[in-house]
file upload_14.txt (compact mmCIF, C-alpha atoms)
# COMPACT_ATOMS: atom_id res chain seq x y z
CA MET A 204 44.64 -96.10 23.46
CA THR A 205 47.88 -96.25 25.34
CA ASP A 206 50.64 -93.72 24.88
CA THR A 207 54.19 -95.01 24.84
CA VAL A 208 57.27 -92.87 25.34
CA ASN A 209 59.67 -95.15 23.44
CA ALA A 210 57.41 -96.02 20.52
CA PRO A 211 59.17 -97.93 17.72
CA ALA A 212 59.10 -96.17 14.39
CA ALA A 213 56.80 -97.33 11.61
CA LEU A 214 58.29 -98.79 8.46
CA ASP A 215 58.84 -96.46 5.53
CA ARG A 216 56.20 -96.27 2.85
CA VAL A 217 56.52 -98.80 0.05
CA ALA A 218 53.50 -98.15 -2.15
CA ALA A 219 53.37 -94.71 -3.72
CA ARG A 220 50.09 -92.82 -3.36
CA PRO A 221 48.26 -93.47 -6.63
CA THR A 222 47.15 -90.58 -8.78
CA PRO A 223 43.44 -89.92 -8.29
CA ARG A 224 41.21 -90.30 -11.30
CA GLU A 225 40.52 -87.01 -13.07
CA LEU A 226 36.83 -86.19 -12.96
CA THR A 227 34.96 -83.52 -14.85
CA PRO A 228 33.56 -80.81 -12.59
CA ARG A 229 30.03 -82.20 -13.09
CA THR A 230 31.08 -85.78 -12.29
CA ALA A 231 32.84 -84.54 -9.14
CA GLU A 232 29.64 -82.72 -8.19
CA ILE A 233 27.62 -85.93 -8.71
CA VAL A 234 30.06 -87.92 -6.56
CA ALA A 235 29.87 -85.27 -3.82
CA ALA A 236 26.06 -85.38 -3.90
CA ALA A 237 26.14 -89.17 -3.67
CA ARG A 238 28.57 -89.01 -0.75
CA GLY A 239 26.29 -86.52 1.01
CA LEU A 240 23.32 -88.87 0.70
CA LEU A 241 25.43 -91.83 1.77
CA GLU A 242 26.69 -90.04 4.88
CA ALA A 243 23.25 -88.73 5.84
CA GLU A 244 21.01 -91.69 5.07
CA GLY A 245 23.06 -94.75 4.09
CA ARG A 246 23.74 -96.68 0.92
CA ALA A 247 20.08 -97.29 0.04
CA ALA A 248 19.51 -93.53 -0.28
CA MET A 249 22.26 -93.20 -2.88
CA THR A 250 19.94 -93.64 -5.88
CA MET A 251 20.26 -91.87 -9.20
CA ARG A 252 16.84 -90.27 -8.66
CA ARG A 253 17.79 -88.88 -5.23
CA ILE A 254 21.15 -87.63 -6.49
CA ALA A 255 19.47 -85.90 -9.42
CA GLU A 256 17.00 -84.26 -7.03
CA ARG A 257 19.88 -82.98 -4.92
CA LEU A 258 21.50 -81.50 -8.01
CA GLU A 259 18.17 -80.19 -9.32
CA ILE A 260 18.50 -82.03 -12.60
CA ARG A 261 16.67 -84.95 -14.20
CA ALA A 262 17.99 -88.45 -13.40
CA PRO A 263 18.66 -89.37 -17.08
CA SER A 264 21.13 -86.45 -17.22
CA LEU A 265 23.39 -88.34 -14.80
CA TYR A 266 24.03 -90.99 -17.45
CA LYS A 267 25.85 -88.43 -19.57
CA HIS A 268 28.56 -88.52 -16.91
CA LEU A 269 28.33 -92.07 -15.47
CA SER A 270 27.44 -95.45 -16.88
CA GLY A 271 25.23 -96.25 -13.89
CA LYS A 272 24.96 -96.68 -10.15
CA GLY A 273 27.80 -99.22 -10.07
CA SER A 274 30.28 -96.77 -11.57
CA LEU A 275 29.06 -94.07 -9.17
CA GLU A 276 29.57 -96.33 -6.15
CA SER A 277 33.07 -97.17 -7.42
CA LEU A 278 33.92 -93.47 -7.54
CA VAL A 279 32.58 -92.92 -4.02
CA VAL A 280 34.58 -95.92 -2.76
CA GLU A 281 37.67 -94.61 -4.53
CA ALA A 282 37.32 -91.18 -2.90
CA GLY A 283 36.75 -92.87 0.46
CA LEU A 284 39.85 -95.04 0.10
CA PHE A 285 42.00 -92.03 -0.74
CA GLU A 286 40.59 -90.21 2.29
CA SER A 287 41.00 -93.09 4.74
CA GLY A 288 44.42 -93.99 3.31
CA ASP A 289 45.63 -90.44 3.88
CA VAL A 290 44.31 -90.52 7.47
CA LEU A 291 45.97 -93.85 8.26
CA HIS A 292 49.30 -93.01 6.63
CA ARG A 293 49.40 -89.75 8.60
CA ALA A 294 48.74 -91.70 11.80
CA VAL A 295 51.74 -94.00 11.31
CA ASP A 296 53.91 -91.18 9.90
CA ARG A 297 53.32 -89.05 13.00
CA PRO A 298 52.20 -91.27 15.89
CA GLY A 299 53.32 -88.76 18.52
CA ARG A 300 53.92 -90.54 21.83
CA ARG A 301 51.88 -93.55 20.73
CA THR A 302 53.16 -96.67 19.07
CA PRO A 303 52.38 -96.89 15.35
CA ILE A 304 49.84 -99.64 16.17
CA ALA A 305 48.06 -97.47 18.75
CA ALA A 306 48.06 -94.43 16.46
CA LEU A 307 46.80 -96.47 13.52
CA LEU A 308 43.94 -98.09 15.44
CA ALA A 309 42.91 -94.77 16.98
CA ALA A 310 42.78 -93.12 13.54
CA TYR A 311 40.96 -96.11 12.01
CA ARG A 312 38.33 -96.08 14.73
CA LYS A 313 37.81 -92.33 14.60
CA HIS A 314 37.44 -92.29 10.82
CA GLY A 315 35.01 -95.22 10.91
CA ARG A 316 32.91 -93.63 13.65
CA ASP A 317 32.92 -90.25 11.89
CA HIS A 318 31.85 -91.83 8.55
CA PRO A 319 29.94 -95.04 9.37
CA ASN A 320 28.06 -95.32 6.09
CA LEU A 321 31.18 -94.68 4.04
CA TYR A 322 32.97 -97.29 6.16
CA ARG A 323 30.25 -99.83 5.45
CA LEU A 324 30.39 -99.10 1.70
CA ILE A 325 34.20 -99.39 1.53
CA THR A 326 34.17 -102.70 3.41
CA ALA A 327 31.03 -104.22 1.82
CA ALA A 328 31.05 -107.75 0.44
CA ASP A 329 30.46 -106.36 -3.06
CA PHE A 330 33.53 -104.11 -2.88
CA PRO A 331 34.24 -102.91 -6.46
CA ARG A 332 37.91 -103.94 -6.56
CA SER A 333 38.17 -104.32 -10.35
CA GLY A 334 37.14 -100.75 -11.17
CA LEU A 335 39.47 -98.91 -8.80
CA VAL A 336 42.52 -96.82 -9.66
CA ASP A 337 45.51 -99.18 -9.94
CA GLY A 338 47.31 -99.66 -6.64
CA LEU A 339 44.75 -97.78 -4.54
CA GLU A 340 43.66 -100.67 -2.35
CA ASP A 341 47.27 -101.72 -1.66
CA TRP A 342 48.28 -98.17 -0.77
CA ALA A 343 45.23 -97.55 1.44
CA GLY A 344 45.91 -100.74 3.41
CA GLU A 345 49.67 -100.33 3.63
CA PRO A 346 49.59 -98.50 7.02
CA PHE A 347 48.71 -101.83 8.66
CA TYR A 348 51.87 -103.36 7.22
CA ARG A 349 53.91 -100.28 8.12
CA ALA A 350 52.71 -100.49 11.74
CA VAL A 351 53.68 -104.15 12.26
CA GLY A 352 56.25 -104.95 9.56
CA GLU A 353 54.92 -108.38 8.63
CA PRO A 354 52.19 -109.13 6.04
CA TYR A 355 50.23 -111.77 7.96
CA ALA A 356 50.32 -109.77 11.18
CA ALA A 357 49.11 -106.79 9.11
CA GLN A 358 46.15 -108.81 7.83
CA ALA A 359 45.38 -109.98 11.36
CA LEU A 360 45.58 -106.41 12.66
CA TRP A 361 43.21 -105.20 9.95
CA SER A 362 40.87 -108.11 10.69
CA PHE A 363 40.79 -107.12 14.36
CA ALA A 364 40.21 -103.46 13.46
CA HIS A 365 37.47 -104.19 10.93
CA GLY A 366 35.66 -106.73 13.07
CA THR A 367 35.75 -104.48 16.10
CA MET A 368 34.71 -101.44 14.07
CA ILE A 369 31.73 -103.06 12.37
CA LEU A 370 30.50 -104.58 15.64
CA GLU A 371 30.81 -101.16 17.29
CA LEU A 372 28.96 -99.40 14.45
CA ASP A 373 26.21 -102.01 14.47
CA GLU A 374 25.96 -101.80 18.28
CA ARG A 375 26.47 -105.55 18.61
CA TYR A 376 28.51 -105.43 21.81
CA LEU A 377 26.73 -106.12 25.08
CA SER A 378 25.26 -103.12 26.84
CA GLY A 379 27.83 -101.65 29.20
CA SER A 380 30.84 -102.81 27.17
CA GLN A 381 33.76 -100.44 27.54
CA LEU A 382 34.91 -100.28 23.94
CA ASP A 383 37.85 -97.97 24.62
CA ARG A 384 39.23 -100.83 26.72
CA THR A 385 38.50 -103.33 23.94
CA TRP A 386 40.49 -101.28 21.42
CA SER A 387 43.30 -100.79 23.96
CA ALA A 388 43.40 -104.55 24.55
CA GLY A 389 43.89 -104.99 20.80
CA VAL A 390 46.79 -102.53 20.85
CA ARG A 391 48.42 -104.40 23.73
CA ALA A 392 47.88 -107.81 22.13
CA PHE A 393 49.35 -106.85 18.77
CA SER A 394 52.19 -104.94 20.40
CA ALA A 395 53.08 -108.01 22.45
CA ILE A 396 53.02 -110.21 19.36
CA MET A 397 55.40 -107.87 17.56
CA GLU A 398 57.82 -107.89 20.51
CA THR A 399 58.24 -111.70 20.39

call {"tool": "encode", "arguments": {"input": "upload_14.txt", "output": "structure tokens"}}
result
Amino acid sequence: MTDTVNAPAALDRVAARPTPRELTPRTAEIVAAARGLLEAEGRAAMTMRRIAERLEIRAPSLYKHLSGKGSLESLVVEAGLFESGDVLHRAVDRPGRRTPIAALLAAYRKHGRDHPNLYRLITAADFPRSGLVDGLEDWAGEPFYRAVGEPYAAQALWSFAHGTMILELDERYLSGSQLDRTWSAGVRAFSAIMET
């Protein structure tokens, strides 16, 4: 994505980084095992039985630490949102020679490509919003607002990024598409909108 010598600065942070939920060492180990299965094989592999096998314990033992698969997925989503939020905030905090929009989209794309199954879980239709740490979703999405300075443009920018990312991950673009150019076109389009 295009570098720009005179890149405008991103807006200051508004939302404070929430405090992560405190997990017992065993619960943290369970979440890490679930994340490992998710990354390697996808959401369907993240079963209590498979997680227990990874930890060399019996599946019923997991319920001493979690109420069920739903609470486990919420904890994995939470960890993923903290991770991606940190990546995106860093991108707009230190865009280098890029504009904040270019830096943000480059970081978003890289994180999504590096963690496709986590990306799919975090953006799934059954996203577990109600069980998350207070303020986490707002904070994790705030870099889009910081990059453009207007809430509806921020939603539009995220919509472009998410749509483009999921189509890229699912290999839905026509063969021969030059996706670097597609992402760069998004940077140029949103940059032009913000200049008007």

call {"tool": "closest_residue", "arguments": {"input": "upload_14.txt", "among": "A:His292, A:His318, A:His268, A:Arg229", "to": "Pro346 in chain A", "atoms": "all atoms listed in the file"}}
result
A:His292

call {"tool": "atom_distance", "arguments": {"input": "upload_14.txt", "atom1": "CA of Val351 in chain A", "atom2": "CA of Arg332 in chain A"}}
result
24.6 Å

call {"tool": "atom_distance", "arguments": {"input": "upload_14.txt", "atom1": "CA of Arg323 in chain A", "atom2": "CA of Val234 in chain A"}}
result
16.9 Å

call {"tool": "residues_around", "arguments": {"input": "upload_14.txt", "residues": "Ser387 in chain A", "least_positions_apart": "5", "cutoff": "12 Å", "atoms": "all atoms listed in the file", "output": "PyMOL selection string"}}
result
chain A and resi 204-206+301-302+304-309+312+363-364+367+381-382+392-394

call {"tool": "atom_distance", "arguments": {"input": "upload_14.txt", "atom1": "CA of Ala248 in chain A", "atom2": "CA of Pro331 in chain A"}}
result
18.5 Å

call {"tool": "closest_residue", "arguments": {"input": "upload_14.txt", "among": "A:Ser362, A:Thr250, A:Thr385, A:Thr326", "to": "Gly271 in chain A", "atoms": "only C-alpha atoms"}}
result
A:Thr250

call {"tool": "closest_residue", "arguments": {"input": "upload_14.txt", "among": "A:Leu291, A:Ala328, A:Ala218, A:Ala282", "to": "Trp342 in chain A", "atoms": "only C-alpha atoms"}}
result
A:Ala218

call {"tool": "closest_residue", "arguments": {"input": "upload_14.txt", "among": "A:Gly273, A:Gly283, A:Gly366, A:Gly239", "to": "Tyr322 in chain A", "atoms": "only C-alpha atoms"}}
result
A:Gly283

call {"tool": "closest_residue", "arguments": {"input": "upload_14.txt", "among": "A:Glu286, A:Asp329, A:Glu345, A:Glu256", "to": "Leu240 in chain A", "atoms": "only C-alpha atoms"}}
result
A:Glu256

call {"tool": "closest_residue", "arguments": {"input": "upload_14.txt", "among": "A:Gly379, A:Leu241, A:Glu371, A:Ala255", "to": "Lys313 in chain A", "atoms": "only C-alpha atoms"}}
result
A:Glu371

call {"tool": "axis_aligned_box", "arguments": {"input": "upload_14.txt", "around": "range 369-379 of chain A", "padding_each_side": "4 Å", "output": "AutoDock Vina command-line options"}}
result
--center_x 28.5 --center_y -102.8 --center_z 20.8 --size_x 14.5 --size_y 14.7 --size_z 24.8

call {"tool": "decode", "arguments": {"input": "upload_14.txt", "residues": "range 227-242 of chain A", "atoms": "all heavy atoms", "output": "compact mmCIF listing (two decimals), in the first residue's frame"}}
result
# COMPACT_ATOMS: atom_id res chain seq x y z
N THR A 227 -7.44 -18.16 35.48
CA THR A 227 -6.57 -19.06 36.24
C THR A 227 -5.55 -19.64 35.27
O THR A 227 -5.78 -19.68 34.05
CB THR A 227 -7.38 -20.21 36.87
OG1 THR A 227 -7.90 -21.03 35.81
CG2 THR A 227 -8.51 -19.70 37.76
N PRO A 228 -4.42 -20.11 35.78
CA PRO A 228 -3.43 -20.71 34.86
C PRO A 228 -4.02 -21.85 34.02
O PRO A 228 -3.73 -21.97 32.83
CB PRO A 228 -2.34 -21.21 35.81
CG PRO A 228 -2.43 -20.30 36.99
CD PRO A 228 -3.90 -20.01 37.14
N ARG A 229 -4.89 -22.67 34.61
CA ARG A 229 -5.48 -23.79 33.87
C ARG A 229 -6.44 -23.28 32.79
O ARG A 229 -6.44 -23.80 31.67
CB ARG A 229 -6.19 -24.74 34.83
CG ARG A 229 -6.76 -25.97 34.15
CD ARG A 229 -5.69 -26.68 33.33
NE ARG A 229 -5.72 -28.09 33.62
CZ ARG A 229 -4.93 -28.97 33.06
NH1 ARG A 229 -4.03 -28.59 32.18
NH2 ARG A 229 -5.00 -30.24 33.37
N THR A 230 -7.24 -22.26 33.11
CA THR A 230 -8.15 -21.72 32.10
C THR A 230 -7.36 -21.10 30.95
O THR A 230 -7.71 -21.29 29.78
CB THR A 230 -9.11 -20.69 32.73
OG1 THR A 230 -9.82 -21.31 33.80
CG2 THR A 230 -10.10 -20.16 31.70
N ALA A 231 -6.28 -20.40 31.27
CA ALA A 231 -5.42 -19.82 30.22
C ALA A 231 -4.84 -20.93 29.34
O ALA A 231 -4.74 -20.78 28.12
CB ALA A 231 -4.31 -18.99 30.85
N GLU A 232 -4.48 -22.04 29.95
CA GLU A 232 -3.94 -23.18 29.20
C GLU A 232 -5.02 -23.77 28.27
O GLU A 232 -4.74 -24.12 27.13
CB GLU A 232 -3.46 -24.23 30.21
CG GLU A 232 -2.73 -25.39 29.61
CD GLU A 232 -2.26 -26.38 30.68
OE1 GLU A 232 -2.86 -26.47 31.77
OE2 GLU A 232 -1.29 -27.09 30.38
N ILE A 233 -6.24 -23.84 28.76
CA ILE A 233 -7.35 -24.35 27.95
C ILE A 233 -7.60 -23.42 26.76
O ILE A 233 -7.78 -23.87 25.62
CB ILE A 233 -8.63 -24.50 28.81
CG1 ILE A 233 -8.44 -25.60 29.85
CG2 ILE A 233 -9.85 -24.79 27.94
CD1 ILE A 233 -9.49 -25.61 30.95
N VAL A 234 -7.60 -22.12 27.01
CA VAL A 234 -7.81 -21.14 25.93
C VAL A 234 -6.70 -21.25 24.90
O VAL A 234 -6.95 -21.21 23.69
CB VAL A 234 -7.93 -19.71 26.50
CG1 VAL A 234 -7.92 -18.67 25.38
CG2 VAL A 234 -9.18 -19.57 27.34
N ALA A 235 -5.46 -21.40 25.35
CA ALA A 235 -4.33 -21.54 24.43
C ALA A 235 -4.46 -22.81 23.59
O ALA A 235 -4.17 -22.79 22.38
CB ALA A 235 -3.01 -21.54 25.20
N ALA A 236 -4.90 -23.90 24.21
CA ALA A 236 -5.10 -25.15 23.46
C ALA A 236 -6.20 -24.98 22.42
O ALA A 236 -6.07 -25.44 21.27
CB ALA A 236 -5.43 -26.29 24.42
N ALA A 237 -7.27 -24.30 22.80
CA ALA A 237 -8.37 -24.05 21.87
C ALA A 237 -7.89 -23.19 20.70
O ALA A 237 -8.20 -23.45 19.53
CB ALA A 237 -9.53 -23.37 22.59
N ARG A 238 -7.12 -22.17 21.02
CA ARG A 238 -6.58 -21.28 19.96
C ARG A 238 -5.67 -22.07 19.02
O ARG A 238 -5.71 -21.89 17.81
CB ARG A 238 -5.84 -20.12 20.62
CG ARG A 238 -4.99 -19.25 19.69
CD ARG A 238 -5.80 -18.20 18.98
NE ARG A 238 -5.00 -17.40 18.08
CZ ARG A 238 -4.49 -16.21 18.36
NH1 ARG A 238 -4.70 -15.65 19.53
NH2 ARG A 238 -3.80 -15.55 17.47
N GLY A 239 -4.87 -22.96 19.57
CA GLY A 239 -4.00 -23.79 18.73
C GLY A 239 -4.80 -24.64 17.75
O GLY A 239 -4.46 -24.74 16.56
N LEU A 240 -5.87 -25.25 18.24
CA LEU A 240 -6.73 -26.06 17.35
C LEU A 240 -7.41 -25.18 16.32
O LEU A 240 -7.51 -25.54 15.14
CB LEU A 240 -7.77 -26.81 18.18
CG LEU A 240 -7.28 -28.07 18.88
CD1 LEU A 240 -8.31 -28.55 19.89
CD2 LEU A 240 -6.99 -29.17 17.85
N LEU A 241 -7.90 -24.03 16.76
CA LEU A 241 -8.56 -23.10 15.84
C LEU A 241 -7.62 -22.70 14.72
O LEU A 241 -7.98 -22.76 13.54
CB LEU A 241 -9.02 -21.85 16.61
CG LEU A 241 -9.59 -20.71 15.78
CD1 LEU A 241 -10.93 -21.08 15.17
CD2 LEU A 241 -9.71 -19.44 16.63
N GLU A 242 -6.42 -22.29 15.08
CA GLU A 242 -5.45 -21.83 14.08
C GLU A 242 -5.08 -22.95 13.11
O GLU A 242 -4.94 -22.73 11.91
CB GLU A 242 -4.18 -21.29 14.76
CG GLU A 242 -4.41 -20.07 15.62
CD GLU A 242 -4.42 -18.76 14.87
OE1 GLU A 242 -4.59 -18.75 13.63
OE2 GLU A 242 -4.27 -17.72 15.53
